[in-house]
Structures are given as C-alpha cells and as structure tokens.
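Next up, input.pdb (PDB, C-alpha atoms):
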```pdb
ATOM      1  CA  MET A   1     -20.771  55.206 -48.278  1.00  0.00           C
ATOM      2  CA  LEU A   2     -19.625  58.320 -46.507  1.00  0.00           C
ATOM      3  CA  ARG A   3     -19.919  59.580 -42.930  1.00  0.00           C
ATOM      4  CA  VAL A   4     -19.978  63.379 -42.816  1.00  0.00           C
ATOM      5  CA  GLY A   5     -19.851  65.694 -39.829  1.00  0.00           C
ATOM      6  CA  LEU A   6     -21.447  69.116 -40.303  1.00  0.00           C
ATOM      7  CA  THR A   7     -20.275  71.469 -37.581  1.00  0.00           C
ATOM      8  CA  GLY A   8     -19.955  75.105 -36.691  1.00  0.00           C
ATOM      9  CA  ASN A   9     -20.398  77.289 -33.660  1.00  0.00           C
ATOM     10  CA  LEU A  10     -23.600  78.753 -32.294  1.00  0.00           C
ATOM     11  CA  GLY A  11     -25.424  80.840 -34.892  1.00  0.00           C
ATOM     12  CA  SER A  12     -23.254  79.716 -37.793  1.00  0.00           C
ATOM     13  CA  GLY A  13     -26.204  78.358 -39.788  1.00  0.00           C
ATOM     14  CA  LYS A  14     -25.732  74.602 -39.533  1.00  0.00           C
ATOM     15  CA  SER A  15     -29.464  73.927 -39.601  1.00  0.00           C
ATOM     16  CA  THR A  16     -29.886  75.861 -42.847  1.00  0.00           C
ATOM     17  CA  ILE A  17     -27.088  73.894 -44.491  1.00  0.00           C
ATOM     18  CA  ALA A  18     -28.441  70.613 -43.121  1.00  0.00           C
ATOM     19  CA  ALA A  19     -31.759  71.414 -44.786  1.00  0.00           C
ATOM     20  CA  TYR A  20     -30.018  72.127 -48.106  1.00  0.00           C
ATOM     21  CA  LEU A  21     -28.112  68.833 -47.915  1.00  0.00           C
ATOM     22  CA  ARG A  22     -31.308  66.952 -47.143  1.00  0.00           C
ATOM     23  CA  GLU A  23     -32.953  68.494 -50.204  1.00  0.00           C
ATOM     24  CA  LEU A  24     -30.019  67.319 -52.319  1.00  0.00           C
ATOM     25  CA  GLY A  25     -30.358  63.738 -51.118  1.00  0.00           C
ATOM     26  CA  ALA A  26     -28.245  63.395 -47.996  1.00  0.00           C
ATOM     27  CA  GLU A  27     -29.422  61.457 -44.972  1.00  0.00           C
ATOM     28  CA  VAL A  28     -29.255  63.970 -42.102  1.00  0.00           C
ATOM     29  CA  ILE A  29     -29.625  63.751 -38.352  1.00  0.00           C
ATOM     30  CA  GLU A  30     -29.354  66.671 -35.922  1.00  0.00           C
ATOM     31  CA  ALA A  31     -27.426  65.919 -32.724  1.00  0.00           C
ATOM     32  CA  ASP A  32     -29.598  68.333 -30.723  1.00  0.00           C
ATOM     33  CA  VAL A  33     -32.796  66.631 -31.847  1.00  0.00           C
ATOM     34  CA  LEU A  34     -31.348  63.222 -31.047  1.00  0.00           C
ATOM     35  CA  GLY A  35     -30.133  64.442 -27.647  1.00  0.00           C
ATOM     36  CA  ARG A  36     -33.543  65.869 -26.765  1.00  0.00           C
ATOM     37  CA  ALA A  37     -35.190  62.544 -27.619  1.00  0.00           C
ATOM     38  CA  LEU A  38     -32.759  60.696 -25.360  1.00  0.00           C
ATOM     39  CA  MET A  39     -33.535  63.146 -22.535  1.00  0.00           C
ATOM     40  CA  GLU A  40     -37.237  62.309 -22.471  1.00  0.00           C
ATOM     41  CA  PRO A  41     -38.608  60.594 -19.336  1.00  0.00           C
ATOM     42  CA  GLY A  42     -38.031  56.863 -19.447  1.00  0.00           C
ATOM     43  CA  GLN A  43     -34.799  57.131 -21.427  1.00  0.00           C
ATOM     44  CA  SER A  44     -31.527  56.097 -19.805  1.00  0.00           C
ATOM     45  CA  LEU A  45     -29.955  59.511 -20.436  1.00  0.00           C
ATOM     46  CA  TYR A  46     -32.822  61.185 -18.577  1.00  0.00           C
ATOM     47  CA  ALA A  47     -32.122  59.012 -15.552  1.00  0.00           C
ATOM     48  CA  ALA A  48     -28.373  59.661 -15.773  1.00  0.00           C
ATOM     49  CA  ILE A  49     -28.884  63.440 -15.841  1.00  0.00           C
ATOM     50  CA  VAL A  50     -31.243  63.386 -12.852  1.00  0.00           C
ATOM     51  CA  ASP A  51     -28.792  61.167 -11.000  1.00  0.00           C
ATOM     52  CA  ALA A  52     -25.919  63.567 -11.725  1.00  0.00           C
ATOM     53  CA  PHE A  53     -27.708  66.879 -11.157  1.00  0.00           C
ATOM     54  CA  GLY A  54     -30.576  66.102  -8.810  1.00  0.00           C
ATOM     55  CA  ALA A  55     -34.339  66.479  -8.842  1.00  0.00           C
ATOM     56  CA  GLY A  56     -33.969  70.250  -9.218  1.00  0.00           C
ATOM     57  CA  VAL A  57     -33.505  69.810 -12.970  1.00  0.00           C
ATOM     58  CA  VAL A  58     -36.932  68.192 -13.371  1.00  0.00           C
ATOM     59  CA  ASN A  59     -40.044  70.239 -14.183  1.00  0.00           C
ATOM     60  CA  ALA A  60     -43.438  69.667 -12.590  1.00  0.00           C
ATOM     61  CA  ASP A  61     -44.496  67.732 -15.710  1.00  0.00           C
ATOM     62  CA  GLY A  62     -41.626  65.291 -15.228  1.00  0.00           C
ATOM     63  CA  ARG A  63     -39.538  66.514 -18.142  1.00  0.00           C
ATOM     64  CA  LEU A  64     -36.076  67.964 -17.787  1.00  0.00           C
ATOM     65  CA  ASN A  65     -35.737  71.698 -17.228  1.00  0.00           C
ATOM     66  CA  ARG A  66     -33.343  72.478 -20.059  1.00  0.00           C
ATOM     67  CA  ALA A  67     -33.011  76.124 -19.016  1.00  0.00           C
ATOM     68  CA  ARG A  68     -31.859  75.039 -15.560  1.00  0.00           C
ATOM     69  CA  LEU A  69     -29.398  72.587 -17.091  1.00  0.00           C
ATOM     70  CA  ALA A  70     -28.001  75.372 -19.277  1.00  0.00           C
ATOM     71  CA  GLU A  71     -27.676  77.590 -16.213  1.00  0.00           C
ATOM     72  CA  LEU A  72     -25.791  74.864 -14.349  1.00  0.00           C
ATOM     73  CA  ALA A  73     -23.547  74.257 -17.347  1.00  0.00           C
ATOM     74  CA  PHE A  74     -22.682  77.803 -18.378  1.00  0.00           C
ATOM     75  CA  LYS A  75     -23.188  79.883 -15.252  1.00  0.00           C
ATOM     76  CA  GLU A  76     -22.250  77.448 -12.511  1.00  0.00           C
ATOM     77  CA  GLY A  77     -19.298  75.789 -14.216  1.00  0.00           C
ATOM     78  CA  ARG A  78     -20.731  72.314 -14.736  1.00  0.00           C
ATOM     79  CA  LEU A  79     -20.552  72.110 -18.523  1.00  0.00           C
ATOM     80  CA  ALA A  80     -17.887  69.407 -18.413  1.00  0.00           C
ATOM     81  CA  ASP A  81     -20.041  67.371 -16.008  1.00  0.00           C
ATOM     82  CA  LEU A  82     -23.061  67.667 -18.292  1.00  0.00           C
ATOM     83  CA  ASN A  83     -21.091  66.773 -21.405  1.00  0.00           C
ATOM     84  CA  ALA A  84     -19.556  63.747 -19.700  1.00  0.00           C
ATOM     85  CA  VAL A  85     -23.071  62.392 -19.115  1.00  0.00           C
ATOM     86  CA  VAL A  86     -24.626  63.410 -22.443  1.00  0.00           C
ATOM     87  CA  HIS A  87     -21.926  62.767 -25.038  1.00  0.00           C
ATOM     88  CA  PRO A  88     -21.455  58.960 -24.734  1.00  0.00           C
ATOM     89  CA  PRO A  89     -25.104  57.939 -25.352  1.00  0.00           C
ATOM     90  CA  VAL A  90     -25.579  60.577 -28.054  1.00  0.00           C
ATOM     91  CA  ILE A  91     -22.446  59.416 -29.893  1.00  0.00           C
ATOM     92  CA  ALA A  92     -23.595  55.799 -29.581  1.00  0.00           C
ATOM     93  CA  ALA A  93     -27.010  56.720 -30.999  1.00  0.00           C
ATOM     94  CA  GLN A  94     -25.389  58.589 -33.886  1.00  0.00           C
ATOM     95  CA  LYS A  95     -23.302  55.548 -34.752  1.00  0.00           C
ATOM     96  CA  GLN A  96     -26.345  53.292 -34.615  1.00  0.00           C
ATOM     97  CA  TRP A  97     -28.217  55.674 -36.922  1.00  0.00           C
ATOM     98  CA  MET A  98     -25.347  55.673 -39.440  1.00  0.00           C
ATOM     99  CA  ASP A  99     -25.157  51.889 -39.383  1.00  0.00           C
ATOM    100  CA  GLU A 100     -28.882  51.703 -40.129  1.00  0.00           C
ATOM    101  CA  VAL A 101     -28.558  54.209 -42.994  1.00  0.00           C
ATOM    102  CA  PHE A 102     -25.763  52.244 -44.650  1.00  0.00           C
ATOM    103  CA  ALA A 103     -27.626  48.967 -44.198  1.00  0.00           C
ATOM    104  CA  ARG A 104     -30.444  50.469 -46.305  1.00  0.00           C
ATOM    105  CA  ASP A 105     -28.207  52.227 -48.830  1.00  0.00           C
ATOM    106  CA  PRO A 106     -24.504  51.374 -49.112  1.00  0.00           C
ATOM    107  CA  THR A 107     -23.861  54.492 -51.235  1.00  0.00           C
ATOM    108  CA  ALA A 108     -25.564  56.927 -48.864  1.00  0.00           C
ATOM    109  CA  VAL A 109     -24.045  60.138 -47.554  1.00  0.00           C
ATOM    110  CA  ALA A 110     -24.939  60.251 -43.853  1.00  0.00           C
ATOM    111  CA  VAL A 111     -24.597  63.688 -42.278  1.00  0.00           C
ATOM    112  CA  ILE A 112     -24.463  64.362 -38.545  1.00  0.00           C
ATOM    113  CA  GLU A 113     -25.196  68.012 -37.787  1.00  0.00           C
ATOM    114  CA  SER A 114     -23.519  68.852 -34.490  1.00  0.00           C
ATOM    115  CA  ALA A 115     -21.911  71.939 -32.976  1.00  0.00           C
ATOM    116  CA  LEU A 116     -19.540  69.874 -30.869  1.00  0.00           C
ATOM    117  CA  ILE A 117     -17.672  67.393 -33.049  1.00  0.00           C
ATOM    118  CA  PHE A 118     -14.279  68.840 -32.169  1.00  0.00           C
ATOM    119  CA  GLU A 119     -15.307  69.708 -28.614  1.00  0.00           C
ATOM    120  CA  VAL A 120     -16.270  66.088 -27.901  1.00  0.00           C
ATOM    121  CA  VAL A 121     -12.694  65.062 -28.634  1.00  0.00           C
ATOM    122  CA  ARG A 122     -11.224  67.992 -26.680  1.00  0.00           C
ATOM    123  CA  ASP A 123     -13.349  67.307 -23.613  1.00  0.00           C
ATOM    124  CA  ALA A 124     -12.681  63.565 -23.658  1.00  0.00           C
ATOM    125  CA  LYS A 125      -8.941  64.149 -23.706  1.00  0.00           C
ATOM    126  CA  ALA A 126      -9.256  66.750 -20.942  1.00  0.00           C
ATOM    127  CA  ARG A 127     -10.852  64.010 -18.804  1.00  0.00           C
ATOM    128  CA  GLY A 128      -7.859  61.779 -19.503  1.00  0.00           C
ATOM    129  CA  ASP A 129      -9.568  59.623 -22.154  1.00  0.00           C
ATOM    130  CA  ARG A 130      -7.036  59.123 -24.928  1.00  0.00           C
ATOM    131  CA  THR A 131      -8.255  55.943 -26.592  1.00  0.00           C
ATOM    132  CA  GLY A 132     -12.036  55.735 -26.145  1.00  0.00           C
ATOM    133  CA  VAL A 133     -14.670  56.363 -28.810  1.00  0.00           C
ATOM    134  CA  LEU A 134     -15.158  59.986 -27.728  1.00  0.00           C
ATOM    135  CA  ALA A 135     -11.453  60.815 -27.987  1.00  0.00           C
ATOM    136  CA  ASP A 136     -11.408  59.084 -31.371  1.00  0.00           C
ATOM    137  CA  TRP A 137     -14.737  60.423 -32.642  1.00  0.00           C
ATOM    138  CA  ARG A 138     -13.332  62.874 -35.201  1.00  0.00           C
ATOM    139  CA  ARG A 139     -11.297  60.131 -36.858  1.00  0.00           C
ATOM    140  CA  ARG A 140     -14.405  57.980 -37.175  1.00  0.00           C
ATOM    141  CA  ILE A 141     -16.026  60.594 -39.410  1.00  0.00           C
ATOM    142  CA  ASP A 142     -14.877  60.476 -43.021  1.00  0.00           C
ATOM    143  CA  ARG A 143     -15.329  64.134 -43.924  1.00  0.00           C
ATOM    144  CA  VAL A 144     -15.980  67.237 -41.826  1.00  0.00           C
ATOM    145  CA  ILE A 145     -17.707  70.382 -43.069  1.00  0.00           C
ATOM    146  CA  VAL A 146     -17.125  73.487 -40.955  1.00  0.00           C
ATOM    147  CA  VAL A 147     -19.542  76.411 -41.247  1.00  0.00           C
ATOM    148  CA  THR A 148     -18.111  79.848 -40.447  1.00  0.00           C
ATOM    149  CA  ALA A 149     -19.546  83.320 -39.877  1.00  0.00           C
ATOM    150  CA  PRO A 150     -18.369  86.451 -38.033  1.00  0.00           C
ATOM    151  CA  ASP A 151     -19.030  86.200 -34.304  1.00  0.00           C
ATOM    152  CA  GLU A 152     -21.241  89.292 -34.275  1.00  0.00           C
ATOM    153  CA  VAL A 153     -23.379  87.728 -36.990  1.00  0.00           C
ATOM    154  CA  LYS A 154     -23.660  84.514 -34.972  1.00  0.00           C
ATOM    155  CA  ILE A 155     -24.702  86.443 -31.878  1.00  0.00           C
ATOM    156  CA  ALA A 156     -27.291  88.448 -33.802  1.00  0.00           C
ATOM    157  CA  ARG A 157     -28.780  85.238 -35.199  1.00  0.00           C
ATOM    158  CA  TYR A 158     -28.951  83.687 -31.735  1.00  0.00           C
ATOM    159  CA  VAL A 159     -30.675  86.748 -30.296  1.00  0.00           C
ATOM    160  CA  ALA A 160     -33.161  86.768 -33.186  1.00  0.00           C
ATOM    161  CA  ARG A 161     -33.880  83.078 -32.603  1.00  0.00           C
ATOM    162  CA  MET A 162     -34.561  83.814 -28.939  1.00  0.00           C
ATOM    163  CA  ALA A 163     -36.917  86.642 -30.029  1.00  0.00           C
ATOM    164  CA  ALA A 164     -35.309  88.780 -27.340  1.00  0.00           C
ATOM    165  CA  SER A 165     -35.753  92.513 -26.855  1.00  0.00           C
ATOM    166  CA  GLY A 166     -34.887  95.064 -24.184  1.00  0.00           C
ATOM    167  CA  VAL A 167     -33.346  93.532 -21.059  1.00  0.00           C
ATOM    168  CA  ALA A 168     -33.907  90.050 -22.478  1.00  0.00           C
ATOM    169  CA  ARG A 169     -31.866  91.011 -25.531  1.00  0.00           C
ATOM    170  CA  ALA A 170     -28.862  91.939 -23.408  1.00  0.00           C
ATOM    171  CA  ALA A 171     -29.176  88.668 -21.511  1.00  0.00           C
ATOM    172  CA  ALA A 172     -29.403  86.703 -24.772  1.00  0.00           C
ATOM    173  CA  GLU A 173     -26.314  88.438 -26.138  1.00  0.00           C
ATOM    174  CA  ALA A 174     -24.402  87.633 -22.950  1.00  0.00           C
ATOM    175  CA  ASP A 175     -25.582  84.032 -23.121  1.00  0.00           C
ATOM    176  CA  ALA A 176     -24.419  83.762 -26.737  1.00  0.00           C
ATOM    177  CA  ARG A 177     -20.974  85.104 -25.882  1.00  0.00           C
ATOM    178  CA  THR A 178     -20.669  82.684 -22.964  1.00  0.00           C
ATOM    179  CA  ARG A 179     -21.597  79.728 -25.149  1.00  0.00           C
ATOM    180  CA  LEU A 180     -19.194  80.794 -27.904  1.00  0.00           C
ATOM    181  CA  ALA A 181     -16.409  81.099 -25.349  1.00  0.00           C
ATOM    182  CA  HIS A 182     -16.805  77.394 -24.570  1.00  0.00           C
ATOM    183  CA  GLN A 183     -16.611  76.417 -28.243  1.00  0.00           C
ATOM    184  CA  ILE A 184     -13.415  76.031 -30.241  1.00  0.00           C
ATOM    185  CA  PRO A 185     -12.850  79.129 -32.436  1.00  0.00           C
ATOM    186  CA  ASP A 186     -13.600  78.959 -36.155  1.00  0.00           C
ATOM    187  CA  GLY A 187      -9.945  79.275 -37.117  1.00  0.00           C
ATOM    188  CA  GLU A 188      -8.959  76.119 -35.243  1.00  0.00           C
ATOM    189  CA  LYS A 189     -11.865  74.158 -36.700  1.00  0.00           C
ATOM    190  CA  VAL A 190     -11.143  75.343 -40.234  1.00  0.00           C
ATOM    191  CA  ALA A 191      -7.591  74.014 -39.905  1.00  0.00           C
ATOM    192  CA  GLN A 192      -9.037  70.521 -39.310  1.00  0.00           C
ATOM    193  CA  ALA A 193     -11.874  70.671 -41.847  1.00  0.00           C
ATOM    194  CA  ASP A 194     -12.218  68.937 -45.188  1.00  0.00           C
ATOM    195  CA  TYR A 195     -14.663  71.584 -46.431  1.00  0.00           C
ATOM    196  CA  VAL A 196     -15.408  75.113 -45.239  1.00  0.00           C
ATOM    197  CA  LEU A 197     -18.656  76.965 -45.928  1.00  0.00           C
ATOM    198  CA  ASP A 198     -18.816  80.731 -45.462  1.00  0.00           C
ATOM    199  CA  ASN A 199     -22.217  81.740 -44.112  1.00  0.00           C
ATOM    200  CA  ALA A 200     -21.825  85.462 -43.548  1.00  0.00           C
ATOM    201  CA  GLY A 201     -25.355  86.068 -44.795  1.00  0.00           C
ATOM    202  CA  ASP A 202     -25.730  85.585 -48.577  1.00  0.00           C
ATOM    203  CA  LEU A 203     -28.059  82.589 -48.810  1.00  0.00           C
ATOM    204  CA  THR A 204     -27.754  82.300 -52.584  1.00  0.00           C
ATOM    205  CA  ALA A 205     -23.981  82.073 -52.333  1.00  0.00           C
ATOM    206  CA  LEU A 206     -24.335  79.628 -49.450  1.00  0.00           C
ATOM    207  CA  ARG A 207     -26.637  77.356 -51.423  1.00  0.00           C
ATOM    208  CA  ASP A 208     -24.140  77.370 -54.299  1.00  0.00           C
ATOM    209  CA  GLN A 209     -21.335  76.391 -51.909  1.00  0.00           C
ATOM    210  CA  VAL A 210     -23.412  73.542 -50.498  1.00  0.00           C
ATOM    211  CA  ALA A 211     -24.295  72.264 -53.976  1.00  0.00           C
ATOM    212  CA  GLU A 212     -20.610  72.175 -54.939  1.00  0.00           C
ATOM    213  CA  VAL A 213     -19.625  70.297 -51.786  1.00  0.00           C
ATOM    214  CA  TRP A 214     -22.514  67.872 -52.234  1.00  0.00           C
ATOM    215  CA  LEU A 215     -21.312  66.857 -55.689  1.00  0.00           C
ATOM    216  CA  GLN A 216     -17.918  65.981 -54.222  1.00  0.00           C
ATOM    217  CA  LEU A 217     -19.377  64.094 -51.274  1.00  0.00           C
ATOM    218  CA  LYS A 218     -21.705  62.069 -53.464  1.00  0.00           C
ATOM    219  CA  ALA A 219     -18.911  61.215 -55.883  1.00  0.00           C
ATOM    220  CA  GLN A 220     -16.735  59.992 -53.012  1.00  0.00           C
ATOM    221  CA  SER A 221     -19.580  57.952 -51.567  1.00  0.00           C
ATOM    222  CA  ASN A 222     -20.327  56.290 -54.874  1.00  0.00           C
ATOM    223  CA  THR A 223     -16.720  55.172 -55.282  1.00  0.00           C
ATOM    224  CA  SER A 224     -16.488  53.641 -51.800  1.00  0.00           C
ATOM    225  CA  SER A 225     -18.257  50.338 -51.130  1.00  0.00           C
ATOM    226  CA  ARG A 226     -16.980  50.210 -47.566  1.00  0.00           C
ATOM    227  CA  PRO A 227     -16.721  52.694 -44.683  1.00  0.00           C
ATOM    228  CA  LEU A 228     -13.738  55.013 -44.889  1.00  0.00           C
ATOM    229  CA  SER A 229     -13.880  55.445 -41.116  1.00  0.00           C
ATOM    230  CA  LEU A 230     -11.892  53.538 -38.568  1.00  0.00           C
ATOM    231  CA  LYS A 231     -13.502  50.514 -36.983  1.00  0.00           C
TER     232      LYS A 231
END
```

Is it possible to express this structure as structure tokens?
Amino acid sequence: MLRVGLTGNLGSGKSTIAAYLRELGAEVIEADVLGRALMEPGQSLYAAIVDAFGAGVVNADGRLNRARLAELAFKEGRLADLNAVVHPPVIAAQKQWMDEVFARDPTAVAVIESALIFEVVRDAKARGDRTGVLADWRRRIDRVIVVTAPDEVKIARYVARMAASGVARAAAEADARTRLAHQIPDGEKVAQADYVLDNAGDLTALRDQVAEVWLQLKAQSNTSSRPLSLK
C-alpha cells in the first residue's frame, strides 16, 4: 500500500495528472472536491466557517459564498484564519478515505490531489503547532509528486479556466498572482519531492512522465504489505 500526495501550485495541471493516474489504476481523491462537500449546509465545517466569519459568508440559498470567502482570505488578510478552520477536518477526511481504500485493497496506491500539502505544514508551524497531525502531515504521506510549470503558464491557465476577458481578465490575472504569492514556490517544493513532473504544456510528454512514475509507485505498493507512513 502506498499513500501519495500529488501537489503543485495554481494552474500547474494537477487535475490533468490526477485523471491520468486514475486511468492507470490509482485511487484518487481531490482535496478541493472533498473540502466543498464538507462545506455544504449541515456539515460541521460549514458551521465552523459561519461561526468564524459570520453570516455575511452565506448566500440567500443557505450555501457558503465561496467568492466572499476568497475575498476575505486573499484581499482582507484572513487566509490563515480560513485555513486554520478548514485544514483539520479536510485532513481528517483524507485520512479516513485512505484507510477505507486500504481496507478494500491492501496493495492500492491512494493519491490525494492537493495544492497545499506543504503549506498545511508551514501554516501549522506558523501557528505554533509543532507536533500535531497538520505539522506532521507531510511525513504521513509516503511519496510526494510535485507538478511544475512556469508561472506565466499557470496564470494563463487560471485565466482561461475563469473564462475571463477584458477588465475581468486583468482581475483574474491579479487574483492568480495573489494566490501564487501565498503558495510555496516550485523550487522549494521540488527540493522536498520524491517525483517531479514538468507540465509546461506538452501533454504527450506529460502522459509519458506520469506513466513512468506510476510504474514505480505501483511496484513500491506491491512490495509493501503495511503503511510506510508514520502512525
């Protein structure tokens, strides 16, 4: 069994690689998708966010206003506050998911796709947490894949995803740069990675890289009958 973290900054192409790994046989969960599910009305994380940020982050339909939360986080300096509320339940849900995967298949490769694997650790330590599960999260993942791309390519992908043009395009570009500024640079992540995938734009080359890494991950999983991670 093998626990794998797939990470990279905004616009790096993590979702594309996650899809390739899923096609090859990996079990994959996206942290953003999991987080959104936990933020639905009735979930404990929903209540915690409303408690921390007030009723102003709730839409008329009762769901969270994610755009307002992003504004609070990135424009009003409350990113650390938001992460402190969101990260613990999301990490706990990720661990539960991995445990369920390995209960079904002891030789599985379980991949968590998340932009913030290294940032979770950084932020926990910045809050003075040196021994908790968040501060120790990186060491509880057996292998980490870092996806890289030039920053201008990342920004262009983000803008394209937002379908922005004109004034909206400039705002999307500024938003992308702000978000990237809060993420650890590629170079620092690469130094801590087990595998690095270059996603500058050639999808054929990218698929070949993913296939090569997958063979290694699957071989390692098949030779380990117990978790390599810390308990």

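Closest approach to Val85 (chain A) from the set A:Pro106, A:Gly56, A:Gly35, A:Pro41 is made by A:Gly35, with distances taken over all atoms listed in the file.
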
Contact check, region 184-203 of chain A to region 6-29 of chain A, at most 8 Å, counting only C-alpha atoms, closest pairs as a tab-separated table:
```
residue	atom	partner	partner_atom	distance
A:Ile184	CA	A:Asn9	CA	7.9
A:Pro185	CA	A:Asn9	CA	7.9
A:Asp186	CA	A:Asn9	CA	7.4
A:Asn199	CA	A:Ser12	CA	6.7
```

Residues matched by the PyMOL selection byres ((chain A and resi 120) around 12), written as a PDB file with C-alpha atoms, in the coordinates of the input:
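Okay, this is what ended up in result_38.pdb:
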```
ATOM      1  CA  THR A   7     -20.275  71.469 -37.581  1.00  0.00           C
ATOM      2  CA  LEU A  79     -20.552  72.110 -18.523  1.00  0.00           C
ATOM      3  CA  ALA A  80     -17.887  69.407 -18.413  1.00  0.00           C
ATOM      4  CA  LEU A  82     -23.061  67.667 -18.292  1.00  0.00           C
ATOM      5  CA  ASN A  83     -21.091  66.773 -21.405  1.00  0.00           C
ATOM      6  CA  ALA A  84     -19.556  63.747 -19.700  1.00  0.00           C
ATOM      7  CA  VAL A  85     -23.071  62.392 -19.115  1.00  0.00           C
ATOM      8  CA  VAL A  86     -24.626  63.410 -22.443  1.00  0.00           C
ATOM      9  CA  HIS A  87     -21.926  62.767 -25.038  1.00  0.00           C
ATOM     10  CA  PRO A  88     -21.455  58.960 -24.734  1.00  0.00           C
ATOM     11  CA  VAL A  90     -25.579  60.577 -28.054  1.00  0.00           C
ATOM     12  CA  ILE A  91     -22.446  59.416 -29.893  1.00  0.00           C
ATOM     13  CA  SER A 114     -23.519  68.852 -34.490  1.00  0.00           C
ATOM     14  CA  ALA A 115     -21.911  71.939 -32.976  1.00  0.00           C
ATOM     15  CA  LEU A 116     -19.540  69.874 -30.869  1.00  0.00           C
ATOM     16  CA  ILE A 117     -17.672  67.393 -33.049  1.00  0.00           C
ATOM     17  CA  PHE A 118     -14.279  68.840 -32.169  1.00  0.00           C
ATOM     18  CA  GLU A 119     -15.307  69.708 -28.614  1.00  0.00           C
ATOM     19  CA  VAL A 121     -12.694  65.062 -28.634  1.00  0.00           C
ATOM     20  CA  ARG A 122     -11.224  67.992 -26.680  1.00  0.00           C
ATOM     21  CA  ASP A 123     -13.349  67.307 -23.613  1.00  0.00           C
ATOM     22  CA  ALA A 124     -12.681  63.565 -23.658  1.00  0.00           C
ATOM     23  CA  LYS A 125      -8.941  64.149 -23.706  1.00  0.00           C
ATOM     24  CA  ALA A 126      -9.256  66.750 -20.942  1.00  0.00           C
ATOM     25  CA  ARG A 127     -10.852  64.010 -18.804  1.00  0.00           C
ATOM     26  CA  ASP A 129      -9.568  59.623 -22.154  1.00  0.00           C
ATOM     27  CA  ARG A 130      -7.036  59.123 -24.928  1.00  0.00           C
ATOM     28  CA  GLY A 132     -12.036  55.735 -26.145  1.00  0.00           C
ATOM     29  CA  VAL A 133     -14.670  56.363 -28.810  1.00  0.00           C
ATOM     30  CA  LEU A 134     -15.158  59.986 -27.728  1.00  0.00           C
ATOM     31  CA  ALA A 135     -11.453  60.815 -27.987  1.00  0.00           C
ATOM     32  CA  ASP A 136     -11.408  59.084 -31.371  1.00  0.00           C
ATOM     33  CA  TRP A 137     -14.737  60.423 -32.642  1.00  0.00           C
ATOM     34  CA  ARG A 138     -13.332  62.874 -35.201  1.00  0.00           C
ATOM     35  CA  ARG A 139     -11.297  60.131 -36.858  1.00  0.00           C
ATOM     36  CA  HIS A 182     -16.805  77.394 -24.570  1.00  0.00           C
ATOM     37  CA  GLN A 183     -16.611  76.417 -28.243  1.00  0.00           C
ATOM     38  CA  ILE A 184     -13.415  76.031 -30.241  1.00  0.00           C
TER      39      ILE A 184
END
```

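For the set A:Leu34, A:Gln96, A:Val146, A:Val4, the residue with the smallest atom-to-atom gap to Asp198 (chain A) is A:Val146, counting all atoms listed in the file.
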
Could you list as a PDB file with C-alpha atoms, in the coordinates of the input every residue that has an atom within 10 Å of (-30.1, 83.3, -30.2), using the file's coordinates and counting all atoms listed in the file?
```pdb
ATOM      1  CA  LEU A  10     -23.600  78.753 -32.294  1.00  0.00           C
ATOM      2  CA  GLY A  11     -25.424  80.840 -34.892  1.00  0.00           C
ATOM      3  CA  LYS A 154     -23.660  84.514 -34.972  1.00  0.00           C
ATOM      4  CA  ILE A 155     -24.702  86.443 -31.878  1.00  0.00           C
ATOM      5  CA  ALA A 156     -27.291  88.448 -33.802  1.00  0.00           C
ATOM      6  CA  ARG A 157     -28.780  85.238 -35.199  1.00  0.00           C
ATOM      7  CA  TYR A 158     -28.951  83.687 -31.735  1.00  0.00           C
ATOM      8  CA  VAL A 159     -30.675  86.748 -30.296  1.00  0.00           C
ATOM      9  CA  ALA A 160     -33.161  86.768 -33.186  1.00  0.00           C
ATOM     10  CA  ARG A 161     -33.880  83.078 -32.603  1.00  0.00           C
ATOM     11  CA  MET A 162     -34.561  83.814 -28.939  1.00  0.00           C
ATOM     12  CA  ALA A 163     -36.917  86.642 -30.029  1.00  0.00           C
ATOM     13  CA  ALA A 164     -35.309  88.780 -27.340  1.00  0.00           C
ATOM     14  CA  ARG A 169     -31.866  91.011 -25.531  1.00  0.00           C
ATOM     15  CA  ALA A 172     -29.403  86.703 -24.772  1.00  0.00           C
ATOM     16  CA  GLU A 173     -26.314  88.438 -26.138  1.00  0.00           C
ATOM     17  CA  ASP A 175     -25.582  84.032 -23.121  1.00  0.00           C
ATOM     18  CA  ALA A 176     -24.419  83.762 -26.737  1.00  0.00           C
TER      19      ALA A 176
END
```

Surrounding residues of Ala70 (chain A) excluding itself and chain neighbours under 4 positions, 10 Å, only C-alpha atoms, as a list in words: Asn65, Arg66, Phe74, Lys75, Glu76, Arg78, Leu79, Leu82, Asp175 and Arg179 of chain A

Top pick for closest residue to Ile141 (chain A), considering A:Val57, A:Ala193, A:Leu203, A:Ile49 and counting all atoms listed in the file: A:Ala193

For region 44-53 of chain A, which lacks atoms in the input, supply N, CA and C atoms and format the output as a short mmCIF file (atom, residue, chain, number, x, y, z; two decimals), in the frame of the given file.
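Saved result, selection.cif, follows:
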```cif
data_model
loop_
_atom_site.label_atom_id
_atom_site.label_comp_id
_atom_site.auth_asym_id
_atom_site.auth_seq_id
_atom_site.Cartn_x
_atom_site.Cartn_y
_atom_site.Cartn_z
N SER A 44 -32.64 56.28 -20.74
CA SER A 44 -31.53 56.10 -19.80
C SER A 44 -30.75 57.40 -19.57
N LEU A 45 -30.66 58.24 -20.61
CA LEU A 45 -29.96 59.51 -20.44
C LEU A 45 -30.70 60.42 -19.47
N TYR A 46 -32.02 60.41 -19.53
CA TYR A 46 -32.82 61.18 -18.58
C TYR A 46 -32.45 60.79 -17.15
N ALA A 47 -32.43 59.50 -16.90
CA ALA A 47 -32.12 59.01 -15.55
C ALA A 47 -30.71 59.39 -15.14
N ALA A 48 -29.77 59.33 -16.09
CA ALA A 48 -28.37 59.66 -15.77
C ALA A 48 -28.22 61.14 -15.42
N ILE A 49 -28.96 62.00 -16.12
CA ILE A 49 -28.88 63.44 -15.84
C ILE A 49 -29.48 63.75 -14.47
N VAL A 50 -30.62 63.16 -14.17
CA VAL A 50 -31.24 63.39 -12.85
C VAL A 50 -30.33 62.87 -11.75
N ASP A 51 -29.71 61.73 -11.99
CA ASP A 51 -28.79 61.17 -11.00
C ASP A 51 -27.60 62.09 -10.76
N ALA A 52 -27.10 62.72 -11.84
CA ALA A 52 -25.92 63.57 -11.72
C ALA A 52 -26.23 64.95 -11.18
N PHE A 53 -27.41 65.48 -11.49
CA PHE A 53 -27.71 66.88 -11.16
C PHE A 53 -28.85 67.06 -10.16
#
```
